[in-house]
Every structure is written in structure tokens, then in C-alpha cells.
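Enquirer: File follows, model_12.csv with CSV, C-alpha atoms:
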```
chain,number,residue,atom,x,y,z
C,423,MET,CA,21.4,6.6,-89.3
C,424,ASN,CA,21.0,4.7,-92.5
C,425,LYS,CA,19.7,1.2,-92.1
C,426,PRO,CA,21.8,-1.5,-93.6
C,427,ALA,CA,19.8,-3.2,-96.3
C,428,TYR,CA,19.3,-6.5,-94.6
C,429,HIS,CA,16.5,-8.5,-96.2
C,430,VAL,CA,15.5,-12.1,-96.9
C,431,LYS,CA,14.7,-13.9,-100.1
C,432,ASN,CA,13.6,-17.5,-101.0
C,433,LEU,CA,11.3,-17.5,-98.0
C,434,LYS,CA,9.5,-20.8,-97.2
C,435,ILE,CA,7.1,-20.9,-94.3
C,436,PHE,CA,5.8,-24.1,-92.9
C,437,ARG,CA,4.0,-25.5,-89.9
C,438,GLY,CA,6.2,-27.3,-87.3
C,439,MET,CA,5.8,-29.0,-83.9
C,440,GLU,CA,5.8,-25.6,-82.0
C,441,GLY,CA,4.0,-23.4,-84.5
C,442,GLN,CA,5.1,-21.6,-87.7
C,443,GLY,CA,8.6,-22.1,-88.9
C,444,PHE,CA,10.6,-20.8,-91.9
C,445,ASN,CA,13.8,-21.0,-93.9
C,446,ALA,CA,15.2,-18.2,-96.0
C,447,THR,CA,18.3,-16.7,-97.4
C,448,LEU,CA,19.6,-13.6,-95.6
C,449,TYR,CA,21.1,-10.8,-97.7
C,450,LEU,CA,22.9,-7.5,-97.0
C,451,GLY,CA,22.2,-5.4,-100.0
C,452,LYS,CA,22.9,-7.7,-103.0
C,453,GLN,CA,25.4,-9.9,-101.0
C,454,ARG,CA,24.1,-13.3,-99.9
C,455,LEU,CA,25.1,-13.9,-96.3
C,456,GLY,CA,23.7,-17.3,-95.6
C,457,THR,CA,20.6,-19.3,-94.5
C,458,VAL,CA,18.3,-18.5,-91.6
C,459,ILE,CA,16.1,-21.3,-90.2
C,460,ASP,CA,13.4,-21.5,-87.6
C,461,ASP,CA,12.5,-25.2,-87.5
C,462,ALA,CA,9.5,-24.5,-85.3
C,463,SER,CA,10.8,-26.8,-82.6
C,464,GLY,CA,10.7,-24.1,-79.9
C,465,GLY,CA,14.5,-23.4,-80.2
C,466,PRO,CA,16.2,-20.3,-81.4
C,467,VAL,CA,16.6,-19.2,-85.0
C,468,VAL,CA,19.6,-20.9,-86.7
C,469,LEU,CA,21.8,-18.4,-88.5
C,470,GLU,CA,24.1,-20.2,-90.9
C,471,LEU,CA,26.5,-17.2,-91.5
C,472,SER,CA,30.2,-16.8,-91.6
C,473,PRO,CA,31.7,-15.6,-88.3
C,474,ALA,CA,32.4,-12.1,-89.8
C,475,ASP,CA,28.8,-11.8,-91.2
C,476,ARG,CA,27.4,-13.0,-87.8
C,477,SER,CA,29.5,-10.5,-85.9
C,478,ALA,CA,28.4,-7.6,-88.3
C,479,LEU,CA,24.8,-8.6,-87.8
C,480,ASP,CA,25.1,-8.8,-84.0
C,481,GLU,CA,26.8,-5.4,-84.0
C,482,TYR,CA,24.0,-3.9,-86.1
C,483,VAL,CA,21.3,-5.4,-84.0
C,484,GLN,CA,22.9,-4.1,-80.8
C,485,SER,CA,22.8,-0.6,-82.3
C,486,LEU,CA,19.0,-0.8,-82.6
C,487,PRO,CA,16.8,0.9,-80.0
C,488,ASP,CA,15.3,-1.2,-77.2
C,489,ILE,CA,12.0,-2.9,-77.9
C,490,THR,CA,9.1,-1.5,-75.9
C,491,CYS,CA,6.7,-4.2,-74.8
C,492,THR,CA,3.0,-4.0,-74.5
C,493,PHE,CA,3.1,-4.9,-70.8
C,494,ASN,CA,4.5,-3.0,-67.8
C,495,ASP,CA,7.7,-3.9,-65.9
C,496,PRO,CA,6.5,-4.8,-62.3
C,497,ASP,CA,9.5,-3.1,-60.8
C,498,THR,CA,9.0,0.3,-62.5
C,499,GLY,CA,5.3,0.3,-63.5
C,500,LYS,CA,6.4,1.5,-67.0
C,501,PRO,CA,6.3,-0.4,-70.2
C,502,ALA,CA,9.0,-3.1,-70.2
C,503,THR,CA,11.9,-2.9,-72.6
C,504,LEU,CA,14.0,-5.6,-74.2
C,505,LYS,CA,17.3,-5.5,-76.0
C,506,PRO,CA,16.9,-6.6,-79.6
C,507,SER,CA,18.5,-9.9,-80.6
C,508,ALA,CA,19.6,-11.4,-84.0
C,509,ASP,CA,16.7,-13.9,-83.6
C,510,TRP,CA,14.2,-11.2,-83.1
C,511,PHE,CA,15.6,-9.1,-86.0
C,512,VAL,CA,15.6,-12.0,-88.5
C,513,SER,CA,12.1,-13.1,-87.4
C,514,ASN,CA,10.9,-9.5,-88.0
C,515,LEU,CA,12.5,-9.5,-91.5
C,516,VAL,CA,10.7,-12.8,-92.3
C,517,ASN,CA,7.4,-11.5,-91.0
C,518,ARG,CA,7.7,-8.2,-93.0
C,519,THR,CA,8.6,-10.2,-96.2
C,520,ASP,CA,5.7,-12.5,-95.7
C,521,ARG,CA,3.2,-9.7,-95.1
C,522,LEU,CA,4.5,-7.8,-98.2
C,523,LYS,CA,4.2,-11.0,-100.3
C,524,GLN,CA,0.5,-11.4,-99.1
C,525,ILE,CA,-0.4,-7.8,-99.9
C,526,LYS,CA,1.3,-7.8,-103.3
C,527,LYS,CA,-0.6,-11.1,-104.2
C,528,ILE,CA,-3.9,-9.3,-103.3
C,529,LEU,CA,-3.0,-6.2,-105.3
C,530,LYS,CA,-2.3,-8.3,-108.5
C,531,LYS,CA,-6.1,-8.7,-108.8
C,532,PRO,CA,-8.5,-5.9,-109.5
C,533,THR,CA,-8.6,-5.0,-105.9
C,534,MET,CA,-8.2,-1.9,-103.7
C,535,LEU,CA,-6.6,-2.5,-100.2
C,536,VAL,CA,-7.3,0.2,-97.6
C,537,VAL,CA,-6.7,0.8,-93.9
C,538,LEU,CA,-9.9,2.1,-92.4
C,539,LYS,CA,-9.9,4.8,-89.7
C,540,ASN,CA,-10.2,2.2,-87.0
C,541,GLY,CA,-7.1,0.4,-88.2
C,542,GLU,CA,-8.7,-2.6,-89.9
C,543,ILE,CA,-7.6,-3.6,-93.4
C,544,PHE,CA,-10.4,-3.8,-95.9
C,545,LYS,CA,-10.3,-5.3,-99.3
C,546,ILE,CA,-12.5,-3.9,-102.1
C,547,GLU,CA,-12.8,-6.2,-105.1
C,548,TYR,CA,-13.6,-4.7,-108.6
C,549,THR,CA,-14.7,-6.2,-111.8
C,550,ARG,CA,-12.1,-4.2,-113.7
C,551,GLU,CA,-8.6,-2.9,-113.0
C,552,VAL,CA,-8.2,-0.2,-110.4
C,553,ASP,CA,-7.0,2.9,-112.2
C,554,ALA,CA,-5.8,6.3,-111.1
C,555,LYS,CA,-9.3,7.8,-111.4
C,556,THR,CA,-10.8,5.1,-109.2
C,557,LEU,CA,-8.1,5.7,-106.6
C,558,THR,CA,-8.5,9.5,-106.7
C,559,ASP,CA,-12.3,9.2,-106.4
C,560,TYR,CA,-12.0,6.8,-103.5
C,561,GLN,CA,-9.5,9.1,-101.6
C,562,LYS,CA,-11.8,12.1,-102.2
C,563,THR,CA,-14.8,10.2,-100.7
C,564,TYR,CA,-12.8,8.7,-97.8
C,565,PRO,CA,-9.9,10.9,-97.0
C,566,ASP,CA,-9.3,9.2,-93.6
C,567,HIS,CA,-8.7,5.8,-95.3
C,568,PHE,CA,-5.2,4.8,-96.2
C,569,VAL,CA,-4.9,3.1,-99.7
C,570,PHE,CA,-2.1,0.6,-100.4
C,571,ASN,CA,-2.5,0.6,-104.2
C,572,GLY,CA,0.3,2.3,-106.1
C,573,LEU,CA,2.8,2.2,-103.2
C,574,THR,CA,6.4,0.8,-103.4
C,575,ASP,CA,7.4,-2.1,-101.3
C,576,ASP,CA,9.1,0.1,-98.7
C,577,GLN,CA,6.1,2.4,-98.6
C,578,ILE,CA,3.8,-0.7,-97.9
C,579,ILE,CA,6.1,-1.9,-95.1
C,580,ASP,CA,6.2,1.7,-93.6
C,581,ALA,CA,2.4,1.9,-93.8
C,582,LEU,CA,1.9,-1.4,-92.1
C,583,GLU,CA,4.3,-0.4,-89.3
C,584,SER,CA,2.8,3.1,-88.9
C,585,HIS,CA,-0.7,1.5,-88.6
C,586,GLY,CA,0.5,-1.1,-86.2
C,587,LEU,CA,-0.2,-4.0,-88.6
```
Would you put the structure from the file into C-alpha cells?
Expert:
Amino acid sequence: MNKPAYHVKNLKIFRGMEGQGFNATLYLGKQRLGTVIDDASGGPVVLELSPADRSALDEYVQSLPDITCTFNDPDTGKPATLKPSADWFVSNLVNRTDRLKQIKKILKKPTMLVVLKNGEIFKIEYTREVDAKTLTDYQKTYPDHFVFNGLTDDQIIDALESHGL
């Protein structure tokens, strides 16, 4: 199944009364759908979308697989599962966008960003630009490390998810 290209732009993150909040513009491909807001007051995410766009978003979110929790359901003894919601989906888009923005900011400097074998992210700062030879030499020396340099945005997001970050 091809994923619809939902994404957020114009992301602003702030501190509110109940933690971190955000506001952003939600897009489907190149089409602007509306504004999404978590005002950090403990309430749900506000989705300022047309009824048709909200319905399409809800339909897409309902087609996603259940979310497997890190805790067990007391009735079954197996990991609990939850149905995804539009709030959860939009919050995940925001978190992914924010993580990508942070990584790209780090990689603008002469830095190599790697995931070590134990899953930790490690930043190596250089005095000069990180070139292809530096990357190749590093990967030969440490083949079990995952290097973020040179990846596309989608590859960075996939790598973060595959490493549980």
C-alpha cells in the first residue's frame, strides 16, 4: 500500500502548561489541508481542516495497523494494542519533522552522525568538511555503525525508525 504523502511544514514548537506544544500546516502532497495545533493544555490536537479533508485523514488513519504498546494487556498477557487516531498520526508527523530538522542542522556542520551498535547516536565533529573518502574510511573501520551523512530525508526517517529512535 502506498502511503499518502501527509507531511507538515511551518512547524513551530513551544513550551506550554502541560508540556511541549506545536502548531504546523498539514499537507497532502503539495496540497495545503489546514492547520494542526497542540496548545499544550492537556487537550487533544486541534485539526483545522475542511470536513472532506478531515474525513479523508480519518479514513487513512483507520487503515493503519494497530499500535503495539511497550506494556502488556493484563487480560491477555500480550503486548497491548491501540487503534491509531488522527491526533496520534499528526503528532508523529510533527515529531518526525522535528527530529529530521535537528539532524539536518547537525549535518550542516563538518560533522559525522552515526548510530553505534548499542543504538546510541554519536556525533563526530571534524575540522574540515566530511567527504566521501572520510565516510568510506569510517565505514570500513566500523562496519557495524550506521552513518546518517549522505542520506535523503526519507532515508534518515527510515533509519531513525529502524533503530528505534
Enquirer: Could you check how far CA of Gly451 in chain C sits from CA of Ile528 in chain C, in Å to one decimal?
Expert: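 Atom-to-atom, CA of Gly451 in chain C and CA of Ile528 in chain C are spaced 26.6 Å apart.
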Enquirer: Counting only C-alpha atoms, which residue out of C:Leu538, C:Val512, C:Leu557, C:Val458 sits closest to Glu470 in chain C?
Expert: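 Once distances to Glu470 in chain C are computed over only C-alpha atoms, the minimum belongs to C:Val458.
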Enquirer: Find the residues around range 562-574 of chain C up to 12 Å (only C-alpha atoms counted), leave out those fewer than 2 positions away in its own chain, and share them as a PyMOL selection string.
Expert: chain C and resi 522+525-546+551-560+576-582+584-585
Enquirer: Need the shell around Phe436 in chain C: protein/DNA/RNA residues with any atom at most 12 Å away, counting only C-alpha atoms. Skip same-chain ones fewer than 5 positions apart. Format as a ChimeraX atom specification?
Expert: /C:441-446,459-463,520
Enquirer: Out of C:Leu504, C:Met439, C:Leu448, C:Ala478, which residue has the shortest atom-to-atom distance to Gly464 in chain C when counting all atoms listed in the file?
Expert: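 Of C:Leu504, C:Met439, C:Leu448, C:Ala478, the one nearest Gly464 in chain C, counting all atoms listed in the file, is C:Met439.
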Enquirer: Nearest to Thr503 in chain C: which of C:Thr490, C:Glu547, C:Gln484, C:Val467 is it, counting all atoms listed in the file?
Expert: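 When distances to Thr503 in chain C are compared using all atoms listed in the file, the smallest one comes from C:Thr490.
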Enquirer: Rounded to one decimal place, report the CA of Ser485 in chain C-CA of Ala502 in chain C distance in Å.
Expert: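 Interatomic distance here is 18.5 Å.
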Enquirer: Enter the distance from CA of Leu450 in chain C to CA of Gly586 in chain C, in Å, rounded to one decimal.
Expert: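 Pair CA of Leu450 in chain C / CA of Gly586 in chain C returns 25.7 Å.
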Enquirer: Show me, as lines of an AutoDock Vina configuration file, the centre and edge lengths in Å to one decimal of the axis-aligned box that covers every listed atom of range 446-453 of chain C with 4 Å on each side.
Expert:
```
center_x = 20.3
center_y = -11.8
center_z = -99.3
size_x = 18.2
size_y = 20.8
size_z = 15.4
```
Enquirer: Please determine, counting all atoms listed in the file, which residue among C:Asp509, C:Gly465, C:Val516, C:Arg521 has the shortest atom-to-atom distance to Leu433 in chain C.
Expert: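 Distance minimum relative to Leu433 in chain C lands on C:Val516.
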Enquirer: For each of C:Arg454, C:Phe493, C:Lys500, C:Phe511, take the minimum atom-to-atom distance to Asp480 in chain C, counting all atoms listed in the file, then give the residue where this is smallest.
Expert: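 Answer, going by the shortest atom-to-atom distance: C:Phe511.
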Enquirer: Please produce range 551-572 of chain C, completed to N, CA, C and O atoms, as a PDB file, in the frame of the given file.
Expert:
```pdb
ATOM      1  N   GLU C 551      -9.805  -3.379-113.666  1.00  0.00           N
ATOM      2  CA  GLU C 551      -8.600  -2.900-113.000  1.00  0.00           C
ATOM      3  C   GLU C 551      -8.782  -1.618-112.274  1.00  0.00           C
ATOM      4  O   GLU C 551      -9.555  -0.763-112.706  1.00  0.00           O
ATOM      5  N   VAL C 552      -8.097  -1.473-111.148  1.00  0.00           N
ATOM      6  CA  VAL C 552      -8.200  -0.200-110.400  1.00  0.00           C
ATOM      7  C   VAL C 552      -7.228   0.774-110.988  1.00  0.00           C
ATOM      8  O   VAL C 552      -6.014   0.581-110.973  1.00  0.00           O
ATOM      9  N   ASP C 553      -7.785   1.851-111.547  1.00  0.00           N
ATOM     10  CA  ASP C 553      -7.000   2.900-112.200  1.00  0.00           C
ATOM     11  C   ASP C 553      -6.798   4.098-111.339  1.00  0.00           C
ATOM     12  O   ASP C 553      -7.352   4.177-110.237  1.00  0.00           O
ATOM     13  N   ALA C 554      -6.060   5.057-111.833  1.00  0.00           N
ATOM     14  CA  ALA C 554      -5.800   6.300-111.100  1.00  0.00           C
ATOM     15  C   ALA C 554      -7.062   7.042-110.741  1.00  0.00           C
ATOM     16  O   ALA C 554      -7.193   7.598-109.639  1.00  0.00           O
ATOM     17  N   LYS C 555      -8.028   7.074-111.661  1.00  0.00           N
ATOM     18  CA  LYS C 555      -9.300   7.800-111.400  1.00  0.00           C
ATOM     19  C   LYS C 555     -10.052   7.124-110.261  1.00  0.00           C
ATOM     20  O   LYS C 555     -10.575   7.808-109.381  1.00  0.00           O
ATOM     21  N   THR C 556     -10.085   5.800-110.249  1.00  0.00           N
ATOM     22  CA  THR C 556     -10.800   5.100-109.200  1.00  0.00           C
ATOM     23  C   THR C 556     -10.122   5.380-107.830  1.00  0.00           C
ATOM     24  O   THR C 556     -10.814   5.634-106.838  1.00  0.00           O
ATOM     25  N   LEU C 557      -8.796   5.376-107.794  1.00  0.00           N
ATOM     26  CA  LEU C 557      -8.100   5.700-106.600  1.00  0.00           C
ATOM     27  C   LEU C 557      -8.351   7.107-106.095  1.00  0.00           C
ATOM     28  O   LEU C 557      -8.619   7.355-104.916  1.00  0.00           O
ATOM     29  N   THR C 558      -8.287   8.049-107.017  1.00  0.00           N
ATOM     30  CA  THR C 558      -8.500   9.500-106.700  1.00  0.00           C
ATOM     31  C   THR C 558      -9.946   9.667-106.165  1.00  0.00           C
ATOM     32  O   THR C 558     -10.151  10.346-105.151  1.00  0.00           O
ATOM     33  N   ASP C 559     -10.923   9.068-106.853  1.00  0.00           N
ATOM     34  CA  ASP C 559     -12.300   9.200-106.400  1.00  0.00           C
ATOM     35  C   ASP C 559     -12.518   8.610-105.015  1.00  0.00           C
ATOM     36  O   ASP C 559     -13.213   9.206-104.182  1.00  0.00           O
ATOM     37  N   TYR C 560     -11.898   7.463-104.772  1.00  0.00           N
ATOM     38  CA  TYR C 560     -12.000   6.800-103.500  1.00  0.00           C
ATOM     39  C   TYR C 560     -11.423   7.712-102.371  1.00  0.00           C
ATOM     40  O   TYR C 560     -12.012   7.917-101.316  1.00  0.00           O
ATOM     41  N   GLN C 561     -10.227   8.232-102.643  1.00  0.00           N
ATOM     42  CA  GLN C 561      -9.500   9.100-101.600  1.00  0.00           C
ATOM     43  C   GLN C 561     -10.270  10.368-101.390  1.00  0.00           C
ATOM     44  O   GLN C 561     -10.209  10.901-100.288  1.00  0.00           O
ATOM     45  N   LYS C 562     -10.967  10.900-102.387  1.00  0.00           N
ATOM     46  CA  LYS C 562     -11.800  12.100-102.200  1.00  0.00           C
ATOM     47  C   LYS C 562     -12.971  11.792-101.290  1.00  0.00           C
ATOM     48  O   LYS C 562     -13.345  12.582-100.428  1.00  0.00           O
ATOM     49  N   THR C 563     -13.572  10.632-101.515  1.00  0.00           N
ATOM     50  CA  THR C 563     -14.800  10.200-100.700  1.00  0.00           C
ATOM     51  C   THR C 563     -14.396   9.833 -99.329  1.00  0.00           C
ATOM     52  O   THR C 563     -15.133  10.127 -98.385  1.00  0.00           O
ATOM     53  N   TYR C 564     -13.259   9.163 -99.164  1.00  0.00           N
ATOM     54  CA  TYR C 564     -12.800   8.700 -97.800  1.00  0.00           C
ATOM     55  C   TYR C 564     -11.416   9.136 -97.529  1.00  0.00           C
ATOM     56  O   TYR C 564     -10.465   8.358 -97.567  1.00  0.00           O
ATOM     57  N   PRO C 565     -11.238  10.410 -97.233  1.00  0.00           N
ATOM     58  CA  PRO C 565      -9.900  10.900 -97.000  1.00  0.00           C
ATOM     59  C   PRO C 565      -9.183  10.372 -95.781  1.00  0.00           C
ATOM     60  O   PRO C 565      -7.962  10.437 -95.690  1.00  0.00           O
ATOM     61  N   ASP C 566      -9.942   9.790 -94.845  1.00  0.00           N
ATOM     62  CA  ASP C 566      -9.300   9.200 -93.600  1.00  0.00           C
ATOM     63  C   ASP C 566      -8.892   7.796 -93.808  1.00  0.00           C
ATOM     64  O   ASP C 566      -8.337   7.203 -92.891  1.00  0.00           O
ATOM     65  N   HIS C 567      -9.115   7.201 -94.986  1.00  0.00           N
ATOM     66  CA  HIS C 567      -8.700   5.800 -95.300  1.00  0.00           C
ATOM     67  C   HIS C 567      -7.294   5.875 -95.943  1.00  0.00           C
ATOM     68  O   HIS C 567      -7.018   6.759 -96.739  1.00  0.00           O
ATOM     69  N   PHE C 568      -6.478   4.891 -95.631  1.00  0.00           N
ATOM     70  CA  PHE C 568      -5.200   4.800 -96.200  1.00  0.00           C
ATOM     71  C   PHE C 568      -5.188   3.725 -97.320  1.00  0.00           C
ATOM     72  O   PHE C 568      -5.547   2.583 -97.039  1.00  0.00           O
ATOM     73  N   VAL C 569      -4.810   4.057 -98.537  1.00  0.00           N
ATOM     74  CA  VAL C 569      -4.900   3.100 -99.700  1.00  0.00           C
ATOM     75  C   VAL C 569      -3.477   2.601 -99.989  1.00  0.00           C
ATOM     76  O   VAL C 569      -2.522   3.366-100.119  1.00  0.00           O
ATOM     77  N   PHE C 570      -3.362   1.277-100.123  1.00  0.00           N
ATOM     78  CA  PHE C 570      -2.100   0.600-100.400  1.00  0.00           C
ATOM     79  C   PHE C 570      -1.742   0.633-101.915  1.00  0.00           C
ATOM     80  O   PHE C 570      -0.571   0.540-102.279  1.00  0.00           O
ATOM     81  N   ASN C 571      -2.740   0.701-102.757  1.00  0.00           N
ATOM     82  CA  ASN C 571      -2.500   0.600-104.200  1.00  0.00           C
ATOM     83  C   ASN C 571      -1.535   1.705-104.644  1.00  0.00           C
ATOM     84  O   ASN C 571      -1.637   2.850-104.221  1.00  0.00           O
ATOM     85  N   GLY C 572      -0.602   1.319-105.508  1.00  0.00           N
ATOM     86  CA  GLY C 572       0.300   2.300-106.100  1.00  0.00           C
ATOM     87  C   GLY C 572       1.569   2.555-105.224  1.00  0.00           C
ATOM     88  O   GLY C 572       2.416   3.339-105.617  1.00  0.00           O
TER      89      GLY C 572
END
```
